[in-house]
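What follows is the content of final34.cif (mmCIF, C-alpha atoms).
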```cif
data_run
#
loop_
_atom_site.label_atom_id
_atom_site.label_comp_id
_atom_site.auth_asym_id
_atom_site.auth_seq_id
_atom_site.Cartn_x
_atom_site.Cartn_y
_atom_site.Cartn_z
CA MET A 1 -130.86 71.69 116.82
CA GLY A 2 -131.14 68.17 118.16
CA ILE A 3 -128.57 66.99 115.64
CA ASN A 4 -126.23 69.73 116.72
CA ILE A 5 -126.52 68.79 120.37
CA TYR A 6 -125.92 65.17 119.47
CA ASP A 7 -122.85 66.10 117.45
CA GLU A 8 -121.53 68.23 120.29
CA GLU A 9 -122.11 65.47 122.82
CA LYS A 10 -120.38 63.02 120.47
CA GLN A 11 -117.46 65.41 120.08
CA PHE A 12 -117.02 65.59 123.87
CA SER A 13 -118.19 62.05 124.63
CA LYS A 14 -114.96 61.02 126.39
CA LEU A 15 -114.90 64.15 128.45
CA ILE A 16 -118.59 63.84 129.37
CA ASN A 17 -118.05 60.22 130.42
CA ASP A 18 -115.09 61.18 132.58
CA LEU A 19 -117.08 63.95 134.21
CA LYS A 20 -119.97 61.59 134.92
CA GLU A 21 -117.58 59.05 136.41
CA LEU A 22 -116.07 61.52 138.82
CA PRO A 23 -116.60 60.20 142.36
CA LYS A 24 -119.55 61.68 144.17
CA ILE A 25 -118.83 63.87 147.12
CA ASN A 26 -121.01 63.17 150.10
CA ALA A 27 -121.83 65.37 153.03
CA PRO A 28 -120.08 64.54 156.31
CA ASP A 29 -121.92 62.24 158.73
CA ASN A 30 -122.62 64.96 161.25
CA PHE A 31 -123.94 67.35 158.61
CA GLU A 32 -127.57 67.22 159.72
CA PHE A 33 -126.65 67.29 163.40
CA GLN A 34 -124.54 70.44 162.91
CA LEU A 35 -127.25 72.01 160.78
CA LEU A 36 -130.03 71.38 163.28
CA ALA A 37 -127.79 72.56 166.12
CA LYS A 38 -127.19 75.80 164.24
CA ILE A 39 -130.89 76.22 163.61
CA GLN A 40 -131.81 75.57 167.24
CA ASN A 41 -129.09 77.92 168.53
CA GLY A 42 -130.30 80.56 166.14
CA SER A 43 -126.73 81.79 165.64
CA PHE A 44 -127.29 82.03 161.90
CA GLU A 45 -129.92 84.80 162.15
CA ASP A 46 -129.54 87.15 159.23
CA LYS A 47 -128.79 90.43 160.82
CA PRO A 48 -129.62 93.30 158.51
CA ILE A 49 -126.59 95.49 157.87
CA PRO A 50 -127.40 98.83 159.48
CA ARG A 51 -127.34 101.64 156.96
CA GLU A 52 -125.18 104.48 158.06
CA SER A 53 -127.15 107.67 158.46
CA PHE A 54 -125.76 110.87 156.99
CA ASN A 55 -123.13 112.17 159.34
CA PHE A 56 -122.33 115.88 159.09
CA VAL A 57 -119.01 115.56 160.89
CA LYS A 58 -117.91 112.67 158.68
CA PHE A 59 -118.88 114.56 155.54
CA PHE A 60 -117.69 118.06 156.38
CA THR A 61 -114.36 117.22 158.00
CA PRO A 62 -112.72 115.81 154.87
CA SER A 63 -114.35 118.40 152.64
CA ALA A 64 -113.11 121.23 154.91
CA VAL A 65 -109.61 119.80 154.76
CA VAL A 66 -109.75 119.67 150.96
CA VAL A 67 -111.03 123.25 150.70
CA THR A 68 -108.32 124.49 153.08
CA VAL A 69 -105.63 122.79 151.06
CA ILE A 70 -106.94 124.37 147.85
CA ILE A 71 -107.03 127.85 149.45
CA LEU A 72 -103.52 127.48 150.85
CA PHE A 73 -102.32 126.35 147.46
CA PHE A 74 -103.57 129.53 145.81
CA VAL A 75 -102.33 131.78 148.64
CA PHE A 76 -98.82 130.40 148.56
CA LEU A 77 -98.67 129.88 144.83
CA PRO A 78 -95.36 131.35 143.58
CA LYS A 79 -96.05 134.68 141.87
CA GLU A 80 -94.74 135.55 138.43
CA GLU A 81 -92.44 138.22 139.84
CA GLN A 82 -90.66 135.67 141.97
CA TYR A 83 -90.29 133.39 139.09
CA GLU A 84 -86.95 133.57 137.37
CA ASN A 85 -86.82 132.41 133.81
CA PRO A 86 -83.75 130.20 133.59
CA LEU A 87 -83.38 131.00 129.88
CA MET A 88 -83.25 134.72 130.50
CA SER A 89 -80.91 134.73 133.49
CA GLU A 90 -77.20 134.70 133.21
CA PRO A 91 -75.48 131.41 133.93
CA GLU A 92 -74.25 131.20 137.48
CA GLN A 93 -70.62 130.72 136.63
CA ILE A 94 -70.47 133.93 134.58
CA ILE A 95 -72.21 135.92 137.29
CA SER A 96 -69.73 134.84 139.89
CA GLN A 97 -66.87 135.68 137.54
CA SER A 98 -68.15 139.16 136.84
CA THR A 99 -68.87 139.88 140.48
CA ASN A 100 -65.38 138.73 141.34
CA GLU A 101 -63.95 141.13 138.83
CA MET A 102 -66.03 143.99 140.17
CA ASP A 103 -65.47 143.32 143.83
CA PRO A 104 -61.93 144.30 144.73
CA VAL A 105 -62.09 142.50 148.05
CA ASN A 106 -63.27 139.18 146.70
CA SER A 107 -61.63 139.34 143.29
CA LYS A 108 -59.04 136.82 142.32
CA ALA A 109 -56.44 139.46 141.80
CA TYR A 110 -56.74 140.73 145.36
CA ASN A 111 -57.54 137.47 147.00
CA THR A 112 -54.11 135.98 147.33
CA PRO A 113 -53.53 132.81 149.28
CA LYS A 114 -52.79 133.23 153.02
CA SER A 115 -49.41 131.59 152.78
CA SER A 116 -48.15 134.13 150.26
CA VAL A 117 -49.51 136.96 152.40
CA SER A 118 -47.66 135.73 155.43
CA ASN A 119 -44.44 135.40 153.45
CA SER A 120 -44.51 138.85 151.97
CA LYS A 121 -43.73 141.71 154.34
CA VAL A 122 -45.95 144.27 152.64
CA ASN A 123 -49.51 143.31 151.88
CA THR A 124 -49.92 145.26 148.66
CA PRO A 125 -52.81 144.52 146.31
CA PRO A 126 -51.32 142.77 143.30
CA LEU A 127 -52.08 144.77 140.19
CA ASN A 128 -52.05 143.13 136.82
CA VAL A 129 -49.22 145.12 135.32
CA VAL A 130 -47.60 144.37 131.98
CA VAL A 131 -43.96 145.33 131.68
CA ASN A 132 -42.82 146.23 128.18
CA PRO A 133 -39.25 145.93 127.00
CA ASN A 134 -38.99 149.77 127.09
CA ASP A 135 -39.83 149.64 130.82
CA ALA A 136 -43.01 151.51 130.20
CA VAL A 137 -45.70 150.35 132.53
CA VAL A 138 -49.04 149.65 130.90
CA LYS A 139 -52.13 148.50 132.66
CA PRO A 140 -54.17 145.98 130.71
CA SER A 141 -57.35 147.49 129.47
CA SER A 142 -59.50 144.72 130.83
CA GLN A 143 -58.54 145.56 134.40
CA TYR A 144 -58.88 149.33 133.99
CA PRO A 145 -61.93 150.41 135.93
CA ILE A 146 -63.03 153.09 133.46
CA PHE A 147 -64.95 152.12 130.37
CA ASN A 148 -62.67 153.51 127.64
CA SER A 149 -65.19 153.93 124.91
CA ARG A 150 -67.22 156.19 127.10
CA SER A 151 -64.46 158.06 128.94
CA VAL A 152 -63.83 161.77 128.30
CA ALA A 153 -60.65 163.76 128.00
CA VAL A 154 -61.10 166.76 130.27
CA ASP A 155 -59.13 169.15 128.01
CA GLU A 156 -61.18 168.24 124.98
CA TYR A 157 -64.29 168.54 127.01
CA ILE A 158 -63.34 172.04 128.20
CA SER A 159 -62.29 173.19 124.76
CA GLY A 160 -65.62 171.97 123.40
CA GLU A 161 -64.09 169.54 120.89
CA ASN A 162 -65.77 166.59 122.53
CA LYS A 163 -69.33 166.52 121.31
CA ARG A 164 -71.39 163.80 122.85
CA ARG A 165 -74.50 162.51 121.32
CA ASN A 166 -76.28 161.65 124.50
CA THR A 167 -75.66 164.00 127.37
CA PHE A 168 -77.54 161.77 129.76
CA GLN A 169 -74.94 159.05 129.46
CA GLY A 170 -72.32 159.56 132.05
CA ASN A 171 -69.00 157.86 132.37
CA VAL A 172 -69.14 154.38 133.67
CA VAL A 173 -66.97 152.72 136.20
CA LYS A 174 -66.85 149.14 135.22
CA GLY A 175 -65.23 145.89 136.15
CA GLY A 176 -63.80 143.71 133.41
CA ASP A 177 -65.54 143.62 130.06
CA VAL A 178 -69.00 143.22 131.47
CA LEU A 179 -71.19 146.27 131.78
CA PRO A 180 -72.43 146.78 135.29
CA GLU A 181 -75.97 147.76 135.95
CA PHE A 182 -74.98 151.07 137.54
CA ASP A 183 -74.55 153.62 134.79
CA GLY A 184 -72.39 156.16 136.62
CA PHE A 185 -73.11 159.87 137.15
CA PHE A 186 -74.78 162.24 134.79
CA ILE A 187 -73.59 165.68 133.73
CA ARG A 188 -76.89 167.35 133.33
CA GLU A 189 -75.68 170.82 132.26
CA GLU A 190 -73.41 171.68 129.33
CA ALA A 191 -70.59 174.17 129.93
CA ASP A 192 -71.72 177.60 128.77
CA LYS A 193 -69.85 179.68 126.16
CA TYR A 194 -68.71 182.26 128.67
CA THR A 195 -66.79 179.73 130.71
CA ILE A 196 -65.23 178.29 127.60
CA GLU A 197 -64.09 181.75 126.45
CA LYS A 198 -62.72 182.49 129.87
CA TYR A 199 -60.62 179.36 129.93
CA ARG A 200 -59.47 180.00 126.35
CA ALA A 201 -58.29 183.49 127.29
CA MET A 202 -56.41 182.08 130.25
CA ILE A 203 -54.71 179.49 128.07
CA ASP A 204 -53.85 182.16 125.48
CA SER A 205 -52.34 184.42 128.11
CA ILE A 206 -50.29 181.47 129.44
CA LYS A 207 -49.11 180.74 125.91
CA LYS A 208 -48.19 184.39 125.33
CA ALA A 209 -46.33 184.50 128.62
CA GLN A 210 -44.48 181.34 127.64
CA ALA A 211 -43.60 182.90 124.27
CA ARG A 212 -42.27 186.00 126.01
CA VAL A 213 -40.20 183.86 128.37
CA ASP A 214 -38.80 181.98 125.40
CA SER A 215 -37.94 185.19 123.52
CA LEU A 216 -36.22 186.59 126.59
CA LYS A 217 -34.17 183.40 126.97
CA ARG A 218 -33.13 183.55 123.30
CA ALA A 219 -32.08 187.21 123.72
CA LYS A 220 -29.93 186.35 126.72
CA ARG A 221 -28.17 183.57 124.84
CA ASN A 222 -27.40 185.88 121.89
CA GLU A 223 -25.82 188.44 124.23
CA MET B 224 -143.37 57.07 162.49
CA ALA B 225 -146.37 56.62 160.25
CA LEU B 226 -146.31 60.32 159.51
CA ASN B 227 -142.61 60.05 158.64
CA ARG B 228 -143.29 57.26 156.18
CA ASN B 229 -145.93 59.34 154.55
CA LEU B 230 -143.61 62.31 154.29
CA THR B 231 -140.86 60.30 152.61
CA GLU B 232 -143.28 59.34 149.90
CA LEU B 233 -144.03 62.98 149.12
CA THR B 234 -142.39 64.88 146.30
CA ASP B 235 -140.04 67.77 146.97
CA GLU B 236 -142.71 70.32 146.17
CA GLU B 237 -145.24 68.63 148.46
CA LEU B 238 -142.67 68.51 151.25
CA ILE B 239 -141.83 72.17 151.04
CA LYS B 240 -145.53 72.99 150.94
CA GLU B 241 -145.95 70.99 154.12
CA PHE B 242 -143.02 72.83 155.66
CA GLN B 243 -144.43 76.19 154.58
CA THR B 244 -147.96 75.59 155.82
CA SER B 245 -147.45 73.50 158.94
CA ASN B 246 -143.83 74.38 159.70
CA THR B 247 -143.14 70.62 159.93
CA LEU B 248 -139.46 70.21 160.74
CA ASP B 249 -139.56 66.58 159.54
CA ALA B 250 -140.43 67.71 156.04
CA TYR B 251 -137.48 70.06 156.16
CA GLU B 252 -135.17 67.28 157.38
CA ILE B 253 -136.27 64.99 154.58
CA LEU B 254 -135.50 67.66 152.00
CA VAL B 255 -132.11 68.23 153.61
CA LYS B 256 -131.39 64.48 153.41
CA ARG B 257 -132.41 64.39 149.77
CA TYR B 258 -130.32 67.36 148.67
CA LYS B 259 -127.26 67.49 150.93
CA ASP B 260 -125.22 65.07 148.79
CA PRO B 261 -126.09 66.42 145.32
CA LEU B 262 -125.43 69.95 146.58
CA MET B 263 -122.17 68.88 148.20
CA ASN B 264 -121.06 67.36 144.91
CA PHE B 265 -122.08 70.42 142.90
CA VAL B 266 -120.48 72.92 145.26
CA PHE B 267 -117.29 70.89 145.67
CA ARG B 268 -116.78 70.66 141.91
CA PHE B 269 -117.45 74.36 141.61
CA VAL B 270 -115.32 75.65 144.51
CA GLY B 271 -112.78 72.83 144.90
CA ASP B 272 -112.55 72.94 148.68
CA ARG B 273 -114.29 70.40 150.89
CA ASP B 274 -114.45 72.50 154.08
CA ALA B 275 -115.76 75.55 152.30
CA CYS B 276 -118.18 73.31 150.42
CA THR B 277 -119.67 71.93 153.68
CA ASP B 278 -120.14 75.45 155.00
CA ILE B 279 -121.79 76.59 151.77
CA VAL B 280 -124.24 73.67 151.75
CA GLN B 281 -125.06 74.28 155.42
CA ASP B 282 -125.66 77.95 154.65
CA THR B 283 -127.86 76.89 151.74
CA MET B 284 -129.98 74.74 154.04
CA ILE B 285 -130.19 77.52 156.61
CA LYS B 286 -131.30 79.97 153.93
CA PHE B 287 -133.89 77.46 152.82
CA TYR B 288 -135.10 77.15 156.42
CA LEU B 289 -135.28 80.92 156.93
CA ASN B 290 -136.70 81.87 153.54
CA LYS B 291 -139.05 78.96 152.97
CA ASP B 292 -141.88 81.38 152.18
CA SER B 293 -139.98 82.90 149.26
CA TYR B 294 -140.33 79.61 147.36
CA ARG B 295 -143.19 79.69 144.86
CA GLU B 296 -145.09 76.57 143.82
CA PHE B 297 -144.62 77.05 140.08
CA ALA B 298 -140.87 76.45 140.33
CA LYS B 299 -139.21 73.11 140.95
CA PHE B 300 -137.73 72.80 144.42
CA SER B 301 -134.50 71.35 143.03
CA THR B 302 -133.87 74.39 140.81
CA TRP B 303 -134.68 76.73 143.71
CA ILE B 304 -132.22 75.05 146.10
CA TYR B 305 -129.55 74.78 143.38
CA THR B 306 -129.93 78.52 142.71
CA ILE B 307 -129.31 79.32 146.40
CA ALA B 308 -126.28 77.01 146.55
CA GLY B 309 -124.91 78.37 143.25
CA ASN B 310 -125.18 81.97 144.45
CA LEU B 311 -123.44 81.19 147.73
CA ALA B 312 -120.69 79.31 145.89
CA LYS B 313 -120.18 82.28 143.54
CA ASN B 314 -119.96 84.61 146.53
CA GLU B 315 -117.32 82.37 148.04
CA LEU B 316 -115.30 82.48 144.81
CA LYS B 317 -115.54 86.28 144.74
CA ARG B 318 -114.38 86.46 148.34
CA ARG B 319 -111.44 84.21 147.51
CA LYS B 320 -110.54 86.28 144.46
CA ARG B 321 -110.49 89.42 146.61
CA ARG B 322 -108.35 87.66 149.18
CA THR B 323 -105.94 86.46 146.48
CA LEU B 324 -105.61 90.00 145.14
CA PHE B 325 -104.41 91.27 148.52
CA SER B 326 -102.31 88.27 149.47
CA ILE B 327 -98.74 88.01 148.18
CA ASP B 328 -98.01 84.30 148.25
CA ASN B 329 -101.28 82.64 147.36
CA SER B 330 -101.25 80.59 144.22
CA ASP B 331 -103.79 78.15 142.86
CA ASP B 332 -101.12 75.60 142.06
CA GLU B 333 -100.17 75.26 145.69
CA ARG B 334 -103.75 74.54 146.76
CA SER B 335 -104.07 70.91 147.84
CA ILE B 336 -106.50 68.74 145.97
CA GLN B 337 -109.14 66.93 147.98
CA ILE B 338 -108.94 63.18 147.56
CA GLU B 339 -112.20 61.30 147.23
CA ASP B 340 -113.15 58.03 148.87
CA LYS B 341 -111.74 55.28 146.64
CA SER B 342 -112.26 52.24 148.84
CA PHE B 343 -114.55 50.58 146.29
CA LEU B 344 -111.86 50.50 143.55
CA ALA B 345 -108.98 48.12 143.02
CA PRO B 346 -105.66 49.61 144.28
CA ASP B 347 -103.92 49.94 140.87
CA LYS B 348 -107.04 51.20 139.17
CA SER B 349 -107.81 53.52 142.01
CA ALA B 350 -104.34 55.10 141.76
CA ASP B 351 -104.81 55.82 138.05
CA SER B 352 -108.33 57.10 138.39
CA GLU B 353 -107.37 59.15 141.41
CA ILE B 354 -104.70 60.96 139.39
CA LYS B 355 -107.08 61.37 136.47
CA ASN B 356 -109.80 62.71 138.74
CA GLU B 357 -107.35 65.13 140.29
CA ILE B 358 -106.32 66.35 136.87
CA ILE B 359 -109.93 66.76 135.77
CA GLN B 360 -110.84 68.60 138.96
CA ARG B 361 -107.85 70.95 138.56
CA ALA B 362 -108.80 71.58 134.95
CA LEU B 363 -112.41 72.18 135.94
CA LEU B 364 -111.34 74.84 138.42
CA LYS B 365 -109.41 76.60 135.67
CA VAL B 366 -112.50 76.94 133.47
CA LYS B 367 -114.29 80.29 133.75
CA PRO B 368 -116.94 80.12 136.54
CA VAL B 369 -119.80 81.01 134.17
CA TYR B 370 -118.95 78.00 131.99
CA ARG B 371 -117.91 75.80 134.87
CA GLU B 372 -121.26 76.10 136.60
CA VAL B 373 -123.30 74.94 133.62
CA VAL B 374 -120.89 72.13 132.72
CA ILE B 375 -121.09 70.78 136.28
CA LEU B 376 -124.88 71.02 136.34
CA ARG B 377 -125.17 69.28 133.00
CA ASP B 378 -122.38 66.71 132.89
CA ILE B 379 -121.82 65.95 136.57
CA GLN B 380 -125.21 66.58 138.14
CA GLY B 381 -127.11 65.43 135.08
CA LEU B 382 -129.71 68.21 135.04
CA THR B 383 -131.70 69.05 131.92
CA TYR B 384 -131.07 72.21 129.87
CA GLU B 385 -134.42 73.58 131.06
CA GLU B 386 -133.50 73.06 134.70
CA ILE B 387 -130.10 74.67 134.18
CA ALA B 388 -131.75 77.61 132.41
CA GLU B 389 -134.07 78.02 135.39
CA ILE B 390 -131.23 77.81 137.92
CA THR B 391 -128.95 80.22 136.09
CA LYS B 392 -131.80 82.49 134.91
CA LEU B 393 -130.49 82.24 131.36
CA SER B 394 -132.13 81.28 128.10
CA ILE B 395 -131.75 77.69 126.94
CA GLY B 396 -129.69 78.85 123.95
CA THR B 397 -127.24 80.68 126.21
CA VAL B 398 -127.02 77.64 128.47
CA LYS B 399 -126.22 75.40 125.53
CA SER B 400 -123.56 77.73 124.13
CA ARG B 401 -122.00 78.12 127.58
CA ILE B 402 -121.92 74.37 128.07
CA ASN B 403 -120.26 74.01 124.69
CA ARG B 404 -117.66 76.67 125.47
CA GLY B 405 -117.03 75.16 128.88
CA ARG B 406 -116.49 71.74 127.42
CA THR B 407 -114.15 73.15 124.76
CA GLN B 408 -112.10 74.93 127.40
CA LEU B 409 -111.98 71.82 129.53
CA GLN B 410 -110.93 69.64 126.62
CA LYS B 411 -108.15 72.07 125.75
CA LEU B 412 -106.94 71.94 129.32
CA LEU B 413 -107.08 68.14 129.27
CA LYS B 414 -105.54 67.72 125.80
CA ASN B 415 -102.79 65.51 127.25
CA ILE B 416 -105.39 62.97 128.37
CA TYR B 417 -107.58 63.02 125.27
CA ASN B 418 -104.77 63.06 122.67
CA GLU B 419 -103.43 59.74 123.91
#
```

For the file at hand, write its structure as structure tokens.
Amino acid sequence: MGINIYDEEKQFSKLINDLKELPKINAPDNFEFQLLAKIQNGSFEDKPIPRESFNFVKFFTPSAVVVTVIILFFVFLPKEEQYENPLMSEPEQIISQSTNEMDPVNSKAYNTPKSSVSNSKVNTPPLNVVVNPNDAVVKPSSQYPIFNSRSVAVDEYISGENKRRNTFQGNVVKGGDVLPEFDGFFIREEADKYTIEKYRAMIDSIKKAQARVDSLKRAKRNE
Amino acid sequence: MALNRNLTELTDEELIKEFQTSNTLDAYEILVKRYKDPLMNFVFRFVGDRDACTDIVQDTMIKFYLNKDSYREFAKFSTWIYTIAGNLAKNELKRRKRRTLFSIDNSDDERSIQIEDKSFLAPDKSADSEIKNEIIQRALLKVKPVYREVVILRDIQGLTYEEIAEITKLSIGTVKSRINRGRTQLQKLLKNIYNE
């Protein structure tokens, strides 16, 4: 151990010498005078730090605030019903488009610029009409307010040829290609056989009358 | 006067015993005279600030005055007073560290170095040694306080390992290893001087 210490001291001999040769710092001349003055004044007295006694107000005020905040957090926590899943909802742009198509007042087709309205004498709602070379006017299907696949021909319906699978599905008034939420009106009762027979008889009598009228016309021509 | 002469001949332990039993202020003053300079040197090397160092040594002496009865005969007075001074110096360093944490523009490099009295040296020599001493003091302040304390006590104050162990309340082995580490750190910091 002694050898080790010797080796260490040898290793740091220069450093140790320099440290030993560092100039000594002496106390200022008035050190004792100041010290004795302090002692005689008694200004140095070690005052014990008073321990703070338990204060109910200091303890309960912050804890009450914390509890209130927690309660308010749970009271005003957004409920699941109010929460809208962004993945499930329709993108905003599409919604606005569909509502525009449905709403005749706000739709693009009806909402013409003011300048054009002032220029034209009659403020007619511009319909999207396609003009064929044969001058037949055809409305584009996308603008037609009735949903074609679910519409019903009245004649076929009366004659009983139209057989619908689901009687609870009524015809739907729709805007554009997007199905609205409102599913139209329901026809809850099927037409009975008696009514059908009645209308058939009427049609037959009309047909017979027409045939008689035709035969009379032919007879007149031959004369 | 005769009493004073007698007191000056007493050892530290005898003086403090006199102060404890008879509350003799002269005994206290003699002890202050004996230890003010060594403590000033120790605290200055440890803290690196002369004003703070004076305050710390004064506080040490006041503590000694107030708590004279807490000294027990089996310990050496020197180790007891060095322990008080060392604790106060460490507190000062902690306070400074806290202050540095909260202050924005406080850097160690900008701290001015205290210049010692060099009147007894030749001008050219004094200039060189002054710079060297400044460098050593700066390096010393960069050493970790736990190592710095024991290096100062051993190599500057010249205390024995046993005394240092008593002051720092460490085992002699720990003191030795800390001194060794402190010296190694210091030598690394002063490599420019010792590689020449």

Inset, instruction - Return the single residue from B:Ala388, B:Ala298, B:Met263, B:Val373 that is closest to chain A, with distances computed using only C-alpha atoms. - result: B:Met263

Inset, instruction - Name the residues in contact with segment 18-20 of chain A at a cut-off of 12 Å, using only C-alpha atoms, excluding same-chain residues fewer than 6 positions from it; report them as a ChimeraX atom specification. - result: /A:12 /B:264-265,268,352-353,355-360,362-363,371,374-382,406,409-410,413,416-417

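Between atom CA of Val398 of chain B and atom CA of Lys14 of chain A lies a distance of 20.6 Å.
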
Inset, instruction - Do a neighbour search on Tyr258 of chain B at 12 Å with only C-alpha atoms, toss out local chain neighbours closer than 5 positions, and write the hits as a PyMOL selection string. - result: (chain A and resi 26-27+31-32) or (chain B and resi 235+251-253+263-266+280-281+283-284+287+300-305+308+380)

Could those selected residues go to a file with C-alpha atoms, as an mmCIF file, in the frame of the given file?
```
data_model
loop_
_atom_site.group_PDB
_atom_site.id
_atom_site.type_symbol
_atom_site.label_atom_id
_atom_site.label_comp_id
_atom_site.auth_asym_id
_atom_site.auth_seq_id
_atom_site.Cartn_x
_atom_site.Cartn_y
_atom_site.Cartn_z
ATOM 1 C CA ASN A 26 -121.010 63.170 150.100
ATOM 2 C CA ALA A 27 -121.830 65.370 153.030
ATOM 3 C CA PHE A 31 -123.940 67.350 158.610
ATOM 4 C CA GLU A 32 -127.570 67.220 159.720
ATOM 5 C CA ASP B 235 -140.040 67.770 146.970
ATOM 6 C CA TYR B 251 -137.480 70.060 156.160
ATOM 7 C CA GLU B 252 -135.170 67.280 157.380
ATOM 8 C CA ILE B 253 -136.270 64.990 154.580
ATOM 9 C CA MET B 263 -122.170 68.880 148.200
ATOM 10 C CA ASN B 264 -121.060 67.360 144.910
ATOM 11 C CA PHE B 265 -122.080 70.420 142.900
ATOM 12 C CA VAL B 266 -120.480 72.920 145.260
ATOM 13 C CA VAL B 280 -124.240 73.670 151.750
ATOM 14 C CA GLN B 281 -125.060 74.280 155.420
ATOM 15 C CA THR B 283 -127.860 76.890 151.740
ATOM 16 C CA MET B 284 -129.980 74.740 154.040
ATOM 17 C CA PHE B 287 -133.890 77.460 152.820
ATOM 18 C CA PHE B 300 -137.730 72.800 144.420
ATOM 19 C CA SER B 301 -134.500 71.350 143.030
ATOM 20 C CA THR B 302 -133.870 74.390 140.810
ATOM 21 C CA TRP B 303 -134.680 76.730 143.710
ATOM 22 C CA ILE B 304 -132.220 75.050 146.100
ATOM 23 C CA TYR B 305 -129.550 74.780 143.380
ATOM 24 C CA ALA B 308 -126.280 77.010 146.550
ATOM 25 C CA GLN B 380 -125.210 66.580 138.140
#
```

Inset, instruction - Find the spatial neighbours of segment 238-248 of chain B, counting all atoms listed in the file, within a cut-off of 7 Å - ignore same-chain residues fewer than 5 positions away - and output them as a PyMOL selection string. - result: chain B and resi 230+233+291-292

Legend entry - Length of the atom CA of Lys317 of chain B to atom CA of Ile25 of chain A vector [Å]: 22.8 Å

Inset, instruction - One decimal, Å: what's the distance from atom CA of Arg321 of chain B over to atom CA of Lys286 of chain B, could you say? - result: 24.0 Å

Test item: axis-aligned box, all listed atoms of segment 313-324 of chain B, 4 Å on each side, centre and edges in Å rounded to one decimal, as JSON:
```
{"center_x": -112.9, "center_y": 86.1, "center_z": 146.4, "size_x": 22.6, "size_y": 15.7, "size_z": 13.6}
```
